[in-house]
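The data block below is coords.cif; it holds mmCIF, C-alpha atoms.
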```cif
data_final
#
loop_
_atom_site.label_atom_id
_atom_site.label_comp_id
_atom_site.auth_asym_id
_atom_site.auth_seq_id
_atom_site.Cartn_x
_atom_site.Cartn_y
_atom_site.Cartn_z
CA MET N 216 55.18 -119.98 -143.56
CA SER N 217 57.10 -117.43 -141.55
CA SER N 218 60.09 -115.41 -142.67
CA PRO N 219 63.15 -115.87 -140.44
CA PRO N 220 62.88 -113.96 -137.16
CA ARG N 221 65.25 -111.07 -136.61
CA GLY N 222 67.78 -111.14 -133.82
CA LEU N 223 66.25 -112.24 -130.54
CA GLY N 224 62.76 -112.67 -131.91
CA THR N 225 61.91 -115.40 -129.46
CA THR N 226 62.78 -113.54 -126.27
CA SER N 227 59.92 -112.37 -124.09
CA ALA N 228 61.22 -108.81 -124.13
CA LEU N 229 61.10 -108.63 -127.92
CA ALA N 230 57.78 -110.47 -128.05
CA SER N 231 56.23 -107.75 -125.91
CA GLU N 232 57.58 -105.14 -128.31
CA ARG N 233 56.77 -106.85 -131.60
CA ILE N 234 54.06 -105.10 -133.58
CA HIS N 235 51.86 -107.32 -135.72
CA ILE N 236 49.88 -105.85 -138.63
CA LEU N 237 46.74 -107.67 -139.80
CA GLY N 238 45.73 -106.33 -143.19
CA VAL N 239 48.36 -105.37 -145.74
CA GLY N 240 46.35 -102.88 -147.72
CA ASN N 241 47.71 -99.42 -148.40
CA LEU N 242 47.41 -98.19 -144.82
CA GLY N 243 48.94 -101.33 -143.31
CA LYS N 244 51.94 -101.03 -145.61
CA LEU N 245 52.28 -97.31 -144.85
CA ILE N 246 52.41 -97.95 -141.09
CA ALA N 247 54.86 -100.86 -141.43
CA HIS N 248 57.19 -98.86 -143.67
CA TYR N 249 57.36 -95.79 -141.46
CA LEU N 250 57.75 -97.79 -138.24
CA VAL N 251 60.91 -99.48 -139.48
CA LYS N 252 62.17 -96.36 -141.25
CA HIS N 253 61.93 -94.42 -137.99
CA ASP N 254 63.55 -97.21 -135.97
CA PRO N 255 64.98 -100.20 -137.90
CA GLN N 256 65.12 -102.14 -134.63
CA THR N 257 61.34 -102.07 -134.20
CA PRO N 258 60.17 -105.68 -134.74
CA VAL N 259 57.25 -105.69 -137.19
CA THR N 260 55.40 -108.74 -138.51
CA LEU N 261 52.94 -108.69 -141.39
CA LEU N 262 50.17 -111.26 -140.96
CA PHE N 263 49.13 -112.77 -144.30
CA HIS N 264 45.76 -114.47 -144.69
CA ARG N 265 46.39 -116.15 -148.04
CA PRO N 266 49.41 -117.90 -149.64
CA THR N 267 49.45 -115.63 -152.70
CA LEU N 268 50.49 -112.75 -150.43
CA VAL N 269 53.55 -114.75 -149.38
CA SER N 270 54.51 -115.22 -153.04
CA GLN N 271 54.01 -111.52 -153.76
CA TRP N 272 56.04 -110.60 -150.67
CA ASP N 273 58.90 -112.84 -151.82
CA ALA N 274 58.72 -111.37 -155.33
CA ALA N 275 59.02 -107.88 -153.81
CA GLY N 276 62.22 -108.92 -152.08
CA ARG N 277 60.43 -108.87 -148.72
CA GLU N 278 60.52 -105.09 -148.82
CA ILE N 279 57.93 -102.33 -148.99
CA GLU N 280 58.49 -99.58 -151.53
CA LEU N 281 57.00 -96.19 -150.70
CA VAL N 282 57.11 -93.16 -152.98
CA SER N 283 56.74 -89.76 -151.31
CA ASP N 284 57.27 -86.42 -153.07
CA GLY N 285 58.66 -88.30 -156.06
CA GLU N 286 61.33 -90.09 -154.03
CA ALA N 287 61.26 -93.88 -153.70
CA GLN N 288 62.18 -95.44 -150.36
CA ARG N 289 62.46 -99.12 -149.50
CA SER N 290 62.07 -100.72 -146.09
CA GLY N 291 63.37 -104.20 -145.30
CA GLY N 292 63.84 -106.22 -142.15
CA ILE N 293 60.08 -106.76 -141.83
CA ASP N 294 58.93 -110.23 -140.81
CA SER N 295 55.89 -112.07 -142.11
CA GLU N 296 53.66 -114.93 -141.05
CA LEU N 297 51.04 -116.87 -142.95
CA LEU N 298 48.03 -117.39 -140.73
CA GLY N 299 47.11 -121.03 -140.45
CA GLY N 300 50.63 -121.92 -141.54
CA THR N 301 53.64 -123.06 -139.53
CA GLY N 302 54.03 -120.00 -137.33
CA ASP N 303 54.87 -120.57 -133.70
CA GLY N 304 51.56 -119.16 -132.47
CA ALA N 305 53.35 -116.94 -129.96
CA PRO N 306 51.24 -114.45 -127.98
CA ILE N 307 50.49 -111.16 -129.73
CA LYS N 308 50.83 -108.11 -127.50
CA ASN N 309 50.54 -105.36 -130.11
CA LEU N 310 48.19 -105.71 -133.08
CA ILE N 311 47.22 -103.18 -135.72
CA VAL N 312 44.07 -104.17 -137.61
CA ALA N 313 44.09 -102.50 -141.02
CA CYS N 314 41.99 -104.95 -143.01
CA LYS N 315 38.60 -104.22 -144.55
CA THR N 316 35.84 -103.81 -141.98
CA PHE N 317 33.75 -106.69 -143.25
CA VAL N 318 36.54 -109.27 -142.76
CA THR N 319 37.72 -107.96 -139.38
CA THR N 320 35.94 -110.50 -137.18
CA SER N 321 36.88 -113.51 -139.31
CA ALA N 322 40.49 -112.31 -139.60
CA LEU N 323 40.82 -111.69 -135.86
CA ASP N 324 39.29 -115.08 -135.14
CA GLN N 325 42.44 -116.65 -136.59
CA VAL N 326 44.60 -115.03 -133.91
CA LYS N 327 42.06 -114.80 -131.09
CA GLU N 328 43.81 -117.40 -128.93
CA ARG N 329 47.06 -115.40 -129.16
CA LEU N 330 45.43 -112.26 -127.75
CA GLY N 331 44.65 -111.60 -124.12
CA ARG N 332 43.98 -108.96 -121.53
CA ASP N 333 47.55 -107.64 -121.82
CA SER N 334 47.22 -107.20 -125.59
CA THR N 335 46.38 -103.98 -127.42
CA ILE N 336 44.39 -103.94 -130.66
CA LEU N 337 44.47 -100.76 -132.72
CA PHE N 338 41.58 -100.63 -135.21
CA LEU N 339 42.77 -98.53 -138.14
CA GLN N 340 39.86 -98.68 -140.58
CA ASN N 341 37.11 -96.85 -142.39
CA GLY N 342 33.61 -96.89 -140.99
CA MET N 343 32.45 -97.77 -137.50
CA GLY N 344 30.94 -100.71 -135.66
CA THR N 345 33.77 -103.23 -135.87
CA THR N 346 34.76 -102.98 -132.20
CA ASP N 347 31.21 -103.76 -131.08
CA GLU N 348 31.10 -106.71 -133.46
CA VAL N 349 34.48 -108.06 -132.33
CA THR N 350 33.46 -107.76 -128.68
CA SER N 351 30.16 -109.54 -129.24
CA LYS N 352 31.56 -112.40 -131.34
CA LEU N 353 35.13 -112.87 -130.10
CA PHE N 354 35.71 -111.21 -126.72
CA PRO N 355 32.42 -111.08 -124.80
CA GLU N 356 34.19 -111.43 -121.44
CA GLU N 357 35.77 -108.17 -120.35
CA SER N 358 38.18 -109.96 -118.02
CA SER N 359 40.01 -111.51 -121.00
CA ARG N 360 39.35 -108.82 -123.60
CA PRO N 361 42.31 -106.96 -125.15
CA GLN N 362 42.48 -103.19 -124.81
CA TYR N 363 40.98 -101.48 -127.85
CA TRP N 364 42.29 -98.33 -129.48
CA ALA N 365 40.89 -96.56 -132.53
CA GLY N 366 42.94 -94.81 -135.18
CA ILE N 367 41.82 -92.32 -137.82
CA CYS N 368 44.22 -91.58 -140.65
CA VAL N 369 43.52 -88.97 -143.30
CA ALA N 370 46.64 -89.58 -145.39
CA GLY N 371 46.17 -90.30 -149.07
CA VAL N 372 47.78 -93.58 -150.13
CA TYR N 373 47.43 -95.72 -153.25
CA ASN N 374 49.27 -98.76 -154.52
CA THR N 375 51.15 -99.36 -157.75
CA ASN N 376 52.13 -102.96 -157.02
CA PRO N 377 51.26 -105.43 -154.24
CA PHE N 378 54.00 -104.04 -151.99
CA SER N 379 54.58 -100.66 -153.62
CA ILE N 380 52.60 -97.60 -152.50
CA VAL N 381 52.52 -93.87 -153.12
CA HIS N 382 52.06 -91.56 -150.11
CA ALA N 383 50.21 -88.92 -152.09
CA GLY N 384 48.51 -86.85 -149.41
CA LYS N 385 49.99 -86.13 -146.00
CA GLY N 386 47.70 -86.01 -143.00
CA PRO N 387 47.61 -86.73 -139.27
CA LEU N 388 46.97 -90.03 -137.52
CA THR N 389 44.72 -89.64 -134.47
CA LEU N 390 44.81 -92.38 -131.82
CA GLY N 391 42.54 -92.84 -128.83
CA PRO N 392 41.27 -95.58 -126.51
CA VAL N 393 37.89 -97.19 -127.05
CA PRO N 394 36.24 -97.07 -123.63
CA SER N 395 34.85 -100.00 -121.71
CA SER N 396 33.55 -100.05 -118.16
CA SER N 397 37.12 -100.24 -116.88
CA THR N 398 38.94 -98.10 -119.45
CA GLU N 399 40.25 -94.75 -118.31
CA ASP N 400 39.48 -91.84 -120.59
CA SER N 401 42.96 -90.34 -120.45
CA PRO N 402 45.42 -92.27 -122.63
CA ASP N 403 49.03 -92.59 -121.59
CA PRO N 404 51.06 -93.39 -124.71
CA LYS N 405 54.14 -93.87 -122.51
CA GLY N 406 52.38 -96.77 -120.86
CA ASN N 407 51.68 -98.57 -124.12
CA PHE N 408 54.59 -99.69 -126.28
CA MET N 409 52.74 -99.66 -129.62
CA ILE N 410 51.00 -96.33 -129.11
CA GLU N 411 54.25 -94.78 -127.94
CA LYS N 412 56.04 -96.09 -131.03
CA LEU N 413 53.40 -94.72 -133.37
CA VAL N 414 53.37 -91.31 -131.68
CA SER N 415 57.17 -91.10 -131.83
CA THR N 416 57.26 -92.00 -135.54
CA THR N 417 57.41 -88.48 -136.94
CA TYR N 418 56.49 -89.49 -140.49
CA LEU N 419 53.04 -90.59 -139.28
CA GLN N 420 52.14 -87.26 -137.57
CA ALA N 421 50.42 -89.32 -134.86
CA THR N 422 48.90 -87.97 -131.67
CA ALA N 423 47.18 -89.73 -128.76
CA VAL N 424 43.96 -88.14 -127.54
CA SER N 425 41.15 -88.98 -125.13
CA ALA N 426 38.40 -91.48 -125.88
CA ALA N 427 35.89 -88.64 -126.28
CA GLU N 428 38.14 -86.73 -128.67
CA VAL N 429 38.90 -89.73 -130.89
CA ARG N 430 35.16 -90.44 -131.06
CA LYS N 431 34.56 -86.95 -132.41
CA VAL N 432 37.25 -87.42 -135.05
CA GLN N 433 35.73 -90.79 -135.99
CA LEU N 434 32.30 -89.23 -136.43
CA LEU N 435 33.61 -86.45 -138.65
CA LYS N 436 35.37 -88.97 -140.87
CA LEU N 437 32.24 -91.13 -140.89
CA ALA N 438 30.20 -88.16 -142.09
CA ALA N 439 32.62 -87.43 -144.91
CA ASN N 440 32.90 -91.08 -145.92
CA ALA N 441 29.10 -91.50 -145.90
CA ILE N 442 28.82 -88.82 -148.58
CA ILE N 443 31.95 -89.11 -150.70
CA ASN N 444 32.30 -92.88 -150.92
CA PRO N 445 28.81 -93.99 -151.97
CA LEU N 446 28.08 -91.01 -154.23
CA THR N 447 31.32 -91.29 -156.17
CA ALA N 448 30.73 -95.05 -156.50
CA LEU N 449 27.16 -94.50 -157.66
CA LEU N 450 27.97 -91.65 -160.06
CA ASN N 451 31.34 -93.08 -161.19
CA CYS N 452 33.13 -89.79 -160.62
CA LYS N 453 36.09 -88.30 -158.80
CA ASN N 454 35.51 -86.74 -155.40
CA GLY N 455 35.62 -83.13 -156.55
CA GLU N 456 32.87 -83.66 -159.12
CA LEU N 457 30.33 -83.89 -156.30
CA LEU N 458 30.70 -80.14 -155.75
CA ASP N 459 29.03 -79.15 -159.01
CA GLY N 460 26.84 -76.47 -157.44
CA GLY N 461 23.84 -78.22 -158.96
CA ILE N 462 22.00 -81.50 -158.71
CA LYS N 463 24.81 -83.50 -157.06
CA GLN N 464 25.43 -80.75 -154.52
CA ASP N 465 21.74 -80.68 -153.66
CA LEU N 466 21.82 -84.42 -152.95
CA VAL N 467 24.89 -83.96 -150.75
CA ASN N 468 23.04 -81.31 -148.75
CA ARG N 469 20.00 -83.53 -148.21
CA LEU N 470 22.08 -86.54 -147.20
CA VAL N 471 23.95 -84.47 -144.61
CA THR N 472 20.66 -83.17 -143.19
CA GLU N 473 19.31 -86.71 -142.91
CA MET N 474 22.33 -88.13 -141.08
CA GLY N 475 22.98 -85.08 -138.87
CA PRO N 476 20.74 -86.17 -135.95
CA VAL N 477 22.38 -89.62 -135.91
CA ILE N 478 25.91 -88.20 -135.86
CA ARG N 479 25.00 -85.92 -132.96
CA ALA N 480 23.34 -88.77 -131.05
CA LEU N 481 26.58 -90.76 -131.37
CA LEU N 482 28.62 -88.09 -129.59
CA PRO N 483 29.96 -89.15 -126.17
CA PRO N 484 27.54 -88.17 -123.38
CA GLU N 485 30.06 -85.79 -121.84
CA GLN N 486 30.39 -83.99 -125.19
CA THR N 487 26.76 -82.95 -125.61
CA GLU N 488 27.72 -79.34 -125.01
CA THR N 489 29.82 -79.46 -128.18
CA SER N 490 26.97 -80.79 -130.33
CA GLY N 491 26.81 -77.37 -131.98
CA ASP N 492 30.13 -78.21 -133.59
CA PHE N 493 28.25 -81.03 -135.32
CA SER N 494 25.32 -78.98 -136.60
CA ASP N 495 24.11 -79.77 -140.12
CA GLU N 496 25.81 -76.61 -141.37
CA LYS N 497 29.17 -77.52 -139.83
CA LEU N 498 28.94 -81.13 -140.95
CA LEU N 499 28.24 -79.94 -144.49
CA ALA N 500 31.17 -77.53 -144.34
CA TYR N 501 33.45 -80.37 -143.18
CA VAL N 502 32.24 -82.70 -145.94
CA GLN N 503 32.81 -79.98 -148.53
CA MET N 504 36.29 -79.26 -147.17
CA VAL N 505 37.30 -82.92 -147.42
CA THR N 506 35.74 -83.20 -150.88
CA GLU N 507 37.69 -80.18 -152.12
CA LYS N 508 40.94 -81.37 -150.52
CA THR N 509 40.62 -84.80 -152.14
CA GLY N 510 38.99 -83.50 -155.31
CA LYS N 511 41.31 -85.30 -157.73
CA ASN N 512 41.14 -88.60 -155.85
CA THR N 513 39.18 -91.71 -156.73
CA SER N 514 37.41 -92.91 -153.59
CA SER N 515 38.19 -96.35 -152.17
CA MET N 516 34.57 -97.40 -152.67
CA LEU N 517 34.63 -96.48 -156.35
CA GLN N 518 37.90 -98.39 -156.73
CA ASP N 519 36.27 -101.43 -155.12
CA ILE N 520 33.24 -101.19 -157.42
CA ARG N 521 35.43 -100.94 -160.52
CA LEU N 522 37.38 -104.02 -159.46
CA GLY N 523 34.25 -105.99 -158.63
CA ARG N 524 35.13 -106.16 -154.93
CA LYS N 525 32.88 -105.97 -151.91
CA THR N 526 32.66 -102.48 -150.40
CA GLU N 527 32.54 -101.24 -146.81
CA ILE N 528 29.11 -99.63 -147.27
CA ASP N 529 27.59 -101.65 -144.38
CA TYR N 530 30.04 -100.10 -141.91
CA ILE N 531 29.58 -96.56 -143.21
CA ASN N 532 26.07 -95.73 -144.40
CA GLY N 533 24.75 -99.03 -143.06
CA PHE N 534 26.09 -98.12 -139.63
CA ILE N 535 24.33 -94.74 -139.79
CA VAL N 536 21.04 -96.38 -140.80
CA ASP N 537 21.23 -99.05 -138.07
CA ARG N 538 22.19 -96.64 -135.31
CA GLY N 539 19.61 -94.16 -136.53
CA GLU N 540 16.88 -96.75 -136.11
CA GLY N 541 18.07 -97.36 -132.55
CA PHE N 542 17.79 -93.64 -131.80
CA GLY N 543 14.43 -93.29 -133.52
CA PHE N 544 15.76 -91.48 -136.61
CA SER N 545 14.84 -92.67 -140.09
CA CYS N 546 17.49 -92.40 -142.83
CA PRO N 547 15.74 -93.66 -145.99
CA LYS N 548 18.11 -91.96 -148.44
CA HIS N 549 21.15 -93.52 -146.79
CA ALA N 550 19.37 -96.90 -146.68
CA PHE N 551 18.73 -96.60 -150.42
CA LEU N 552 22.38 -95.76 -151.00
CA VAL N 553 23.33 -98.96 -149.18
CA ASP N 554 21.06 -100.99 -151.47
CA LEU N 555 22.38 -99.31 -154.62
CA VAL N 556 26.05 -99.75 -153.72
CA ARG N 557 25.52 -103.37 -152.66
CA SER N 558 24.04 -103.95 -156.14
CA ALA N 559 26.97 -102.09 -157.78
CA TRP N 560 24.60 -99.70 -159.54
CA THR N 561 25.86 -96.69 -161.46
CA ILE N 562 23.63 -93.81 -162.48
CA GLU N 563 23.82 -90.54 -164.38
CA ASP N 564 23.20 -87.13 -162.86
CA LYS N 565 19.85 -86.81 -164.61
CA GLU N 566 18.54 -89.87 -162.74
CA ILE N 567 19.10 -88.34 -159.30
CA PRO N 568 15.74 -86.49 -158.98
CA ALA N 569 13.73 -89.63 -159.71
CA LEU N 570 15.79 -91.88 -157.41
CA PHE N 571 16.10 -89.35 -154.57
CA PRO N 572 12.90 -87.25 -154.70
#
```
Would you mind writing the file out in structure tokens?
Amino acid sequence: MSSPPRGLGTTSALASERIHILGVGNLGKLIAHYLVKHDPQTPVTLLFHRPTLVSQWDAAGREIELVSDGEAQRSGGIDSELLGGTGDGAPIKNLIVACKTFVTTSALDQVKERLGRDSTILFLQNGMGTTDEVTSKLFPEESSRPQYWAGICVAGVYNTNPFSIVHAGKGPLTLGPVPSSSTEDSPDPKGNFMIEKLVSTTYLQATAVSAAEVRKVQLLKLAANAIINPLTALLNCKNGELLDGGIKQDLVNRLVTEMGPVIRALLPPEQTETSGDFSDEKLLAYVQMVTEKTGKNTSSMLQDIRLGRKTEIDYINGFIVDRGEGFGFSCPKHAFLVDLVRSAWTIEDKEIPALFP
């Protein structure tokens, strides 16, 4: 089921400018809303993977409601398509992937035949490892592989209804190309319609950077996520409670020390001279800064645990453990965190010394 196309939706010119969004979680809705708020003529299509989303979209009046600084805004004129439905299967030139990491490959498989070498996929997700997985399982041939970009967003967003969100914490959106053997390191947003649109959308505070720079930003966010998400899920606490100056803080320190060598090994080869910026001390300072800034927030992983949903632990701490093994670094504490979160365990502070000696 597809909502009626706007204007000249079937022309090749508009098809090359249409931005599809796969994954209508909080971040996907945020991007869709601000794109059409900035330029109502920007053609945006939400890709739904289940019929209930179509019903919820209709019930919301086919609009996204966003509350920022206490003011409610509504954005309409956004198209939708139910995957596996009666859509026209037209080529997709611009795709933003904002779904959960663990469903990325299966979700993209539904539109794989509509993507080609002239397509751009922007991966806007927590964790790392999805681009390698998508390449291996869906696009092994570089000659037909879409161009990959990575996006890191630090904005705070939560939902109040299926298509109503609150933009609670402002923060930048960093965009950069994911290199392949033929990808240039210097991005040119003017040469890519979707990246140019995102950068020009002032509400998103987006910037395009080099592949090496976006990798560094990814690794910093990975480090913060690998501490805040699993520990808040395990201890059933808000982010700021991790900085208790006592037993929880000590565990944070030891987890940072364990993952530090892996994070530094993941830096781009040409960035080895900046590895000092990723010392254990600086990684810890960054984690503490993010924890303090988001102190009143409930992490996405804790929200998932409370709702009985699968978490993204395999693409956060699991990624660190797997890559660590490849580099010859053992991360037993992070591996244990993966097991505990997969089992949806919760513990009390007093149990930490016995579980993490």
(request) Show which residues sit within 12 Å of Lys548 (chain N), as number ranges by chain. Count all atoms listed in the file, and ignore same-chain residues fewer than 4 positions away. (result) N: 441-442, 445-446, 466-474, 532-533, 535-536, 552-555, 567, 570-572
Would you write out those residues with C-alpha atoms, as a PDB file, in the coordinates of the input?
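Written file, part38.pdb:
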```pdb
ATOM      1  CA  ALA N 441      29.100 -91.500-145.900  1.00  0.00           C
ATOM      2  CA  ILE N 442      28.820 -88.820-148.580  1.00  0.00           C
ATOM      3  CA  PRO N 445      28.810 -93.990-151.970  1.00  0.00           C
ATOM      4  CA  LEU N 446      28.080 -91.010-154.230  1.00  0.00           C
ATOM      5  CA  LEU N 466      21.820 -84.420-152.950  1.00  0.00           C
ATOM      6  CA  VAL N 467      24.890 -83.960-150.750  1.00  0.00           C
ATOM      7  CA  ASN N 468      23.040 -81.310-148.750  1.00  0.00           C
ATOM      8  CA  ARG N 469      20.000 -83.530-148.210  1.00  0.00           C
ATOM      9  CA  LEU N 470      22.080 -86.540-147.200  1.00  0.00           C
ATOM     10  CA  VAL N 471      23.950 -84.470-144.610  1.00  0.00           C
ATOM     11  CA  THR N 472      20.660 -83.170-143.190  1.00  0.00           C
ATOM     12  CA  GLU N 473      19.310 -86.710-142.910  1.00  0.00           C
ATOM     13  CA  MET N 474      22.330 -88.130-141.080  1.00  0.00           C
ATOM     14  CA  ASN N 532      26.070 -95.730-144.400  1.00  0.00           C
ATOM     15  CA  GLY N 533      24.750 -99.030-143.060  1.00  0.00           C
ATOM     16  CA  ILE N 535      24.330 -94.740-139.790  1.00  0.00           C
ATOM     17  CA  VAL N 536      21.040 -96.380-140.800  1.00  0.00           C
ATOM     18  CA  LEU N 552      22.380 -95.760-151.000  1.00  0.00           C
ATOM     19  CA  VAL N 553      23.330 -98.960-149.180  1.00  0.00           C
ATOM     20  CA  ASP N 554      21.060-100.990-151.470  1.00  0.00           C
ATOM     21  CA  LEU N 555      22.380 -99.310-154.620  1.00  0.00           C
ATOM     22  CA  ILE N 567      19.100 -88.340-159.300  1.00  0.00           C
ATOM     23  CA  LEU N 570      15.790 -91.880-157.410  1.00  0.00           C
ATOM     24  CA  PHE N 571      16.100 -89.350-154.570  1.00  0.00           C
ATOM     25  CA  PRO N 572      12.900 -87.250-154.700  1.00  0.00           C
TER      26      PRO N 572
END
```
Output of the PyMOL selection byres ((chain N and resi 261) around 7), listed as a PDB file with C-alpha atoms, keeping the file's coordinate frame:
```
ATOM      1  CA  HIS N 235      51.860-107.320-135.720  1.00  0.00           C
ATOM      2  CA  ILE N 236      49.880-105.850-138.630  1.00  0.00           C
ATOM      3  CA  LEU N 237      46.740-107.670-139.800  1.00  0.00           C
ATOM      4  CA  VAL N 259      57.250-105.690-137.190  1.00  0.00           C
ATOM      5  CA  THR N 260      55.400-108.740-138.510  1.00  0.00           C
ATOM      6  CA  LEU N 262      50.170-111.260-140.960  1.00  0.00           C
ATOM      7  CA  PHE N 263      49.130-112.770-144.300  1.00  0.00           C
ATOM      8  CA  ASP N 294      58.930-110.230-140.810  1.00  0.00           C
ATOM      9  CA  SER N 295      55.890-112.070-142.110  1.00  0.00           C
ATOM     10  CA  GLU N 296      53.660-114.930-141.050  1.00  0.00           C
TER      11      GLU N 296
END
```
Could you give me, as a tab-separated table, a per-residue list for region 246-307 of chain N showing, wherever an atom lies at most 6 Å from an atom of region 369-390 of chain N, the closest pair of atoms and their distance in Å to one decimal, using all atoms listed in the file and sorting by chain then residue number from low to high?
```
residue	atom	partner	partner_atom	distance
N:Ile279	CA	N:Phe378	CA	5.2
N:Glu280	CA	N:Ser379	CA	4.6
N:Leu281	CA	N:Ile380	CA	5.0
N:Val282	CA	N:Val381	CA	4.6
N:Ser283	CA	N:His382	CA	5.2
```
(request) Determine, counting only C-alpha atoms, which protein, DNA and RNA residues have an atom within 9 Å of an atom of region 426-434 of chain N; residues of the same chain fewer than 2 positions away are not included. Present the result as JSON, numbers by chain. (result) {"N": [341, 342, 343, 364, 365, 366, 367, 389, 390, 391, 392, 393, 394, 399, 400, 401, 402, 423, 424, 436, 437, 438, 439, 478, 479, 481, 482, 483, 484, 485, 486]}
(message) As an exercise, work out the distance from CA of Thr350 (chain N) to CA of Asp324 (chain N) in Å and give it to one decimal place.
(response) 11.4 Å
(request) Considering all atoms listed in the file, state which residue in the set N:Glu563, N:Leu250, N:Ser558, N:Arg277 is at the smallest distance from Glu411 (chain N). (result)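 Of N:Glu563, N:Leu250, N:Ser558, N:Arg277, the one nearest Glu411 (chain N), counting all atoms listed in the file, is N:Leu250.
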(request) Go through the shown structure with the PyMOL selection byres ((chain N and resi 504) around 12) and write out the matching residues as a ChimeraX atom specification. (result) /N:435-436,438-439,443,454-455,457-458,497-503,505-510
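Using only C-alpha atoms for every distance, the candidate list N:Thr447, N:Ser545, N:Asn241, N:Thr257 yields N:Thr447 as the residue closest to Asn512 (chain N).
If you measure from each of N:Ser359, N:Ser321, N:Arg329, N:Ala287 to Gly304 (chain N) using only C-alpha atoms, the closest one turns out to be N:Arg329.
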(request) Check what the PyMOL selection byres ((chain N and resi 246) around 10) selects in the file above and give those residues as a list in words. (result) Ile236, Val239, Asn241, Leu242, Gly243, Lys244, Leu245, Ala247, His248, Tyr249, Leu250, Val251, Lys252, Val259, Ile311, Ala313, Leu413, Thr416, Tyr418 and Leu419 of chain N
(request) Find, counting all atoms listed in the file, the residue in N:Cys452, N:Ala559, N:Phe551, N:Gly539 that gets nearest to Lys511 (chain N). (result) N:Cys452
(request) Up to 8 Å from (22.7, -84.3, -134.2) in the file's coordinates: name the residues, counting only C-alpha atoms, as a list of chain:residue names. (result)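 Residues lying no farther than 8 Å from the given point: N:Met474, N:Gly475, N:Pro476, N:Val477, N:Ile478, N:Arg479, N:Ala480, N:Ser490, N:Phe493, N:Ser494, N:Asp495.
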(message) Residues within 12 Å of Glu328 (chain N), please, as a ChimeraX atom specification. Count all atoms listed in the file; anything in the same chain fewer than 6 positions from it doesn't count.
(response) /N:304-308,334,353-354,359-361
(request) Select, from N:Gly543, N:Ser514, N:Asp519, N:Lys463, the residue with the minimum atom-to-atom distance to Lys565 (chain N), counting all atoms listed in the file. (result) N:Lys463
(request) Have a look at N:Leu522, N:Leu517, N:Ile234, N:Leu298 and name the one nearest to Val556 (chain N); count all atoms listed in the file. (result) N:Leu517
(message) Could you tell me how far CA of Leu337 (chain N) sits from CA of Gln362 (chain N), in Å to one decimal place?
(response) 8.5 Å
Would you mind putting back N, CA and C atoms on region 494-505 of chain N, then writing it out as a PDB file, keeping the file's coordinate frame?
```
ATOM      1  N   SER N 494      26.566 -79.408-135.975  1.00  0.00           N
ATOM      2  CA  SER N 494      25.320 -78.980-136.600  1.00  0.00           C
ATOM      3  C   SER N 494      25.341 -79.385-138.073  1.00  0.00           C
ATOM      4  N   ASP N 495      24.165 -79.415-138.697  1.00  0.00           N
ATOM      5  CA  ASP N 495      24.110 -79.770-140.120  1.00  0.00           C
ATOM      6  C   ASP N 495      25.006 -78.859-140.944  1.00  0.00           C
ATOM      7  N   GLU N 496      25.009 -77.567-140.604  1.00  0.00           N
ATOM      8  CA  GLU N 496      25.810 -76.610-141.370  1.00  0.00           C
ATOM      9  C   GLU N 496      27.306 -76.921-141.237  1.00  0.00           C
ATOM     10  N   LYS N 497      27.737 -77.245-140.022  1.00  0.00           N
ATOM     11  CA  LYS N 497      29.170 -77.520-139.830  1.00  0.00           C
ATOM     12  C   LYS N 497      29.562 -78.873-140.398  1.00  0.00           C
ATOM     13  N   LEU N 498      28.661 -79.844-140.320  1.00  0.00           N
ATOM     14  CA  LEU N 498      28.940 -81.130-140.950  1.00  0.00           C
ATOM     15  C   LEU N 498      29.069 -80.967-142.463  1.00  0.00           C
ATOM     16  N   LEU N 499      28.177 -80.183-143.052  1.00  0.00           N
ATOM     17  CA  LEU N 499      28.240 -79.940-144.490  1.00  0.00           C
ATOM     18  C   LEU N 499      29.539 -79.234-144.864  1.00  0.00           C
ATOM     19  N   ALA N 500      29.929 -78.243-144.063  1.00  0.00           N
ATOM     20  CA  ALA N 500      31.170 -77.530-144.340  1.00  0.00           C
ATOM     21  C   ALA N 500      32.371 -78.478-144.270  1.00  0.00           C
ATOM     22  N   TYR N 501      32.342 -79.409-143.302  1.00  0.00           N
ATOM     23  CA  TYR N 501      33.450 -80.370-143.180  1.00  0.00           C
ATOM     24  C   TYR N 501      33.477 -81.311-144.390  1.00  0.00           C
ATOM     25  N   VAL N 502      32.314 -81.812-144.783  1.00  0.00           N
ATOM     26  CA  VAL N 502      32.240 -82.700-145.940  1.00  0.00           C
ATOM     27  C   VAL N 502      32.758 -81.986-147.187  1.00  0.00           C
ATOM     28  N   GLN N 503      32.365 -80.737-147.360  1.00  0.00           N
ATOM     29  CA  GLN N 503      32.810 -79.980-148.530  1.00  0.00           C
ATOM     30  C   GLN N 503      34.317 -79.730-148.488  1.00  0.00           C
ATOM     31  N   MET N 504      34.849 -79.468-147.305  1.00  0.00           N
ATOM     32  CA  MET N 504      36.290 -79.260-147.170  1.00  0.00           C
ATOM     33  C   MET N 504      37.065 -80.504-147.577  1.00  0.00           C
ATOM     34  N   VAL N 505      36.628 -81.664-147.077  1.00  0.00           N
ATOM     35  CA  VAL N 505      37.300 -82.920-147.420  1.00  0.00           C
ATOM     36  C   VAL N 505      37.163 -83.215-148.914  1.00  0.00           C
TER      37      VAL N 505
END
```
